[in-house]
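Trainee: Here it is, the structure, as structure tokens.
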Amino acid sequence: MIKKIVSLFFLCALVSCKSNSSVVAYKVEQQSVAKTLEFLASDELQGRAAGSPGIDKAAQYLEKVFSENSIKPYFSTYKDTLSNYPKTTYNIVGYLEGTDPKLKKEFVVVGAHYDHIGLAEKAISGDNINNGANDNASGTTAVTEIVKYFGKTKSNKRSILFVFFSAEEEGLLGSKHLAKKLKEKNFNIYTMLNFEMIGVPMKRDFTAYITGYGKSNMASKFNEYSGKNLIGFVQQELTYRLFMASDNYPFFTKFNIPAQTVCTFDFENFDYYHQVQDEFKLMDTAHMTSFIQDMLPVIEKMANTSTKEITLKK
């Protein structure tokens, strides 16, 4: 009996190690994080306002990230043209099919908005470009690194829809457009995770918070999946109703599923929200790299659990 128990233990350990080996072996490179972030927040993109030439350059860059990492267009092309914005602008949408015959019919959505507010009417110290490094080149960069991981490992039983949203700053228009479009197509979504403003660390005993903390068990599951005290609660997310303020919200309202935003901006650690000083040089790429690394096993677990473990609270 003892031999059987010991054998069973080592078998379980072996299976567990095999399932987590890709995450353990894979390292997010700080140089890669910095390269993407610096480009997205560069003056060349002129603040990435929806419908501008600058955001079109960002779109081309993100399409290349998809194509270089074997992420297919979900629609006929990567570009999903918004139907609710007067200028031509696009969500950039790609997907990676799951490896399990049954679970691949379910989708995990991972996204971030890549637009910002463009040029300021008045310059500050000669600068009128709202580069939006933290908001939200940082979240966009996180998604590009997650794309690179799954593109290499193909370690997802469920399918993953990767989305870079446009016109978030205009009232969540990109996510409203896409959520409506997918709902009409009976899109089979399990959960949605959105990255927003992760460029600077918080001075707390956890790394990040999620908006709508009490609406689901997502925070506790993320801590379980990561094996760390990764996600906590901050009062500001309730005070400022942040759950309703980013691209998770249209997916919650359309599909009634756990759809939340992860963030490390807590109103105490960064003074330049929607200001021209939101520049690459103020971003902590070491913190970003570490956080993205911690999120890889979380998203992998989301994509691989045999049942839908993340659920809304009644």
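All residue names refer to the structure tokens as shown: chains lettered A, B, ... in order, residues numbered from 1 in each chain, ligands numbered from 1 in order.
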Can you list every residue in range 113-186 of chain A that DSSP puts in alpha helix (DSSP H), as a list in words?

Mentor: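 So, restricting range 113-186 of chain A to alpha helix (DSSP H), we get Gly139, Thr140, Thr141, Ala142, Val143, Thr144, Glu145, Ile146, Val147, Lys148, Tyr149, Phe150, Gly151, Lys152, Thr153, Leu173, Gly174, Ser175, Lys176, His177, Leu178, Ala179, Lys180, Lys181, Leu182, Lys183 and Glu184 of chain A.
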
Trainee: Could you give me, as a tab-separated table, every range 44-87 of chain A residue with an atom at most 8 Å from range 153-170 of chain A, plus its closest atom pair and distance in Å to one decimal, counting only C-alpha atoms, rows ordered by chain then number?

Mentor:
residue	atom	partner	partner_atom	distance
A:Ala49	CA	A:Ala167	CA	7.7
A:Ala50	CA	A:Ala167	CA	5.3
A:Tyr74	CA	A:Leu161	CA	7.8
A:Tyr85	CA	A:Ala167	CA	7.9

Trainee: Can you tell me which residues surround range 21-32 of chain A at a distance of at most 10 Å, considering only C-alpha atoms, apart from same-chain residues fewer than 3 positions away, and format the answer as a PyMOL selection string?

Mentor: chain A and resi 15-18+35-38+141+144-146+148-150+152-155+285-298+300

Trainee: Taking 4 positions as the minimum chain separation for residues in the same chain, which residues sit within 12 Å of Val93 in chain A when counting only C-alpha atoms? Answer as a ChimeraX atom specification.

Mentor: /A:59,62-67,71-82,109-113,143,147,160-166,174-175,178,182

Trainee: Save the residues we just selected, N, CA and C atoms, as a CSV table (one decimal), in the first residue's frame?

Mentor:
chain,number,residue,atom,x,y,z
A,59,ALA,N,-1.3,50.0,-34.5
A,59,ALA,CA,-2.1,48.9,-34.9
A,59,ALA,C,-1.2,48.0,-35.8
A,62,LEU,N,1.1,46.0,-33.6
A,62,LEU,CA,0.4,44.9,-32.9
A,62,LEU,C,0.0,43.8,-33.8
A,63,GLU,N,-0.4,44.1,-35.0
A,63,GLU,CA,-0.7,43.1,-36.0
A,63,GLU,C,0.6,42.2,-36.2
A,64,LYS,N,1.7,42.9,-36.3
A,64,LYS,CA,3.0,42.1,-36.5
A,64,LYS,C,3.3,41.2,-35.3
A,65,VAL,N,3.0,41.7,-34.1
A,65,VAL,CA,3.2,40.8,-32.9
A,65,VAL,C,2.3,39.6,-33.1
A,66,PHE,N,1.1,39.7,-33.5
A,66,PHE,CA,0.2,38.5,-33.7
A,66,PHE,C,0.8,37.6,-34.8
A,67,SER,N,1.1,38.2,-35.9
A,67,SER,CA,1.6,37.3,-37.1
A,67,SER,C,2.9,36.6,-36.8
A,71,ILE,N,-0.5,33.8,-34.0
A,71,ILE,CA,-1.9,34.2,-33.6
A,71,ILE,C,-2.7,34.5,-34.9
A,72,LYS,N,-3.7,33.8,-35.1
A,72,LYS,CA,-4.5,34.0,-36.3
A,72,LYS,C,-5.5,35.1,-36.2
A,73,PRO,N,-5.9,35.8,-37.3
A,73,PRO,CA,-7.0,36.7,-37.2
A,73,PRO,C,-8.3,36.0,-36.8
A,74,TYR,N,-9.1,36.6,-35.9
A,74,TYR,CA,-10.4,36.0,-35.6
A,74,TYR,C,-11.4,36.3,-36.6
A,75,PHE,N,-11.4,37.5,-37.2
A,75,PHE,CA,-12.2,37.8,-38.3
A,75,PHE,C,-11.4,37.6,-39.6
A,76,SER,N,-11.8,38.2,-40.7
A,76,SER,CA,-11.1,38.0,-42.0
A,76,SER,C,-9.7,38.6,-41.9
A,77,THR,N,-9.5,39.7,-41.1
A,77,THR,CA,-8.2,40.2,-40.9
A,77,THR,C,-8.1,40.5,-39.4
A,78,TYR,N,-6.9,41.0,-39.0
A,78,TYR,CA,-6.8,41.4,-37.6
A,78,TYR,C,-7.6,42.6,-37.2
A,79,LYS,N,-7.9,43.4,-38.2
A,79,LYS,CA,-8.6,44.7,-38.0
A,79,LYS,C,-10.1,44.5,-37.8
A,80,ASP,N,-10.6,44.9,-36.7
A,80,ASP,CA,-12.0,44.9,-36.5
A,80,ASP,C,-12.5,46.4,-36.4
A,81,THR,N,-13.1,46.9,-37.5
A,81,THR,CA,-13.4,48.3,-37.7
A,81,THR,C,-14.6,48.6,-36.8
A,82,LEU,N,-14.4,49.7,-36.0
A,82,LEU,CA,-15.5,50.1,-35.1
A,82,LEU,C,-16.7,50.6,-35.9
A,109,VAL,N,-10.9,35.6,-23.0
A,109,VAL,CA,-10.6,36.8,-23.6
A,109,VAL,C,-9.5,37.6,-22.8
A,110,VAL,N,-8.4,38.0,-23.4
A,110,VAL,CA,-7.4,38.8,-22.8
A,110,VAL,C,-7.2,40.0,-23.6
A,111,GLY,N,-7.3,41.2,-22.9
A,111,GLY,CA,-7.2,42.4,-23.7
A,111,GLY,C,-6.7,43.6,-23.0
A,112,ALA,N,-6.5,44.7,-23.7
A,112,ALA,CA,-6.0,46.0,-23.2
A,112,ALA,C,-6.3,47.0,-24.3
A,113,HIS,N,-6.6,48.2,-23.8
A,113,HIS,CA,-6.8,49.3,-24.9
A,113,HIS,C,-5.5,49.9,-25.2
A,143,VAL,N,-0.1,42.4,-22.7
A,143,VAL,CA,-0.8,41.5,-23.6
A,143,VAL,C,0.1,41.0,-24.7
A,147,VAL,N,0.9,37.1,-25.4
A,147,VAL,CA,0.8,36.6,-26.8
A,147,VAL,C,2.1,35.8,-27.1
A,160,ILE,N,-8.0,31.2,-26.8
A,160,ILE,CA,-7.8,32.5,-26.3
A,160,ILE,C,-8.0,33.5,-27.4
A,161,LEU,N,-8.8,34.5,-27.0
A,161,LEU,CA,-9.0,35.7,-27.9
A,161,LEU,C,-8.2,36.8,-27.4
A,162,PHE,N,-7.2,37.3,-28.1
A,162,PHE,CA,-6.4,38.4,-27.7
A,162,PHE,C,-6.9,39.7,-28.4
A,163,VAL,N,-7.2,40.8,-27.6
A,163,VAL,CA,-7.8,42.0,-28.2
A,163,VAL,C,-7.0,43.2,-27.7
A,164,PHE,N,-6.7,44.1,-28.7
A,164,PHE,CA,-6.2,45.4,-28.4
A,164,PHE,C,-7.3,46.3,-28.8
A,165,PHE,N,-7.9,47.0,-27.8
A,165,PHE,CA,-9.1,47.8,-28.0
A,165,PHE,C,-8.8,49.2,-28.4
A,166,SER,N,-9.5,49.8,-29.3
A,166,SER,CA,-9.4,51.2,-29.7
A,166,SER,C,-10.6,52.0,-29.0
A,174,GLY,N,-14.5,50.7,-28.3
A,174,GLY,CA,-14.0,49.5,-29.0
A,174,GLY,C,-14.6,48.2,-28.3
A,175,SER,N,-14.6,48.2,-27.0
A,175,SER,CA,-15.1,47.0,-26.3
A,175,SER,C,-16.6,46.9,-26.4
A,178,LEU,N,-17.1,45.4,-29.9
A,178,LEU,CA,-16.8,44.0,-30.1
A,178,LEU,C,-17.7,43.1,-29.2
A,182,LEU,N,-19.7,40.0,-30.9
A,182,LEU,CA,-19.5,38.6,-30.5
A,182,LEU,C,-20.8,38.0,-29.9

Trainee: For each of A:Gly47, A:Pro250, A:Gly94, A:Gly232, take the minimum atom-to-atom distance to Lys180 in chain A, counting only C-alpha atoms, then give the residue where this is smallest.

Mentor: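 With only C-alpha atoms as the atom set, the closest residue is A:Pro250.
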
Trainee: What lies within 9 Å of range 234-249 of chain A using only C-alpha atoms, ignoring chain neighbours under 6 positions off, as a list in words?

Mentor: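 Once the nearby chain positions are removed, what remains is Gly111, Ala112, His113, Phe165, Glu168, Glu169, Gly171, Leu172, Leu173, Gly174, Ser175, Lys176, Met192, Leu193, Asn194, Phe195, Glu196, Tyr209, Ile210, Thr211, Gly212, Tyr213, Pro258, Ala259, Gln260, Thr261, Asp266 and Phe267 of chain A.
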
Trainee: Identify which of the residues A:Ala219, A:Ile124, A:Ala34, A:Leu103 lies closest to Gln277 in chain A, counting only C-alpha atoms when measuring atom-to-atom distances.

Mentor: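 When distances to Gln277 in chain A are compared using only C-alpha atoms, the smallest one comes from A:Ile124.
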
Trainee: Could you check the closest approach to Asn269 in chain A for each of A:Ile231, A:Ala179, A:Leu282, A:Leu312 and tell me which residue wins, using only C-alpha atoms?

Mentor: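 With only C-alpha atoms as the atom set, the closest residue is A:Leu282.
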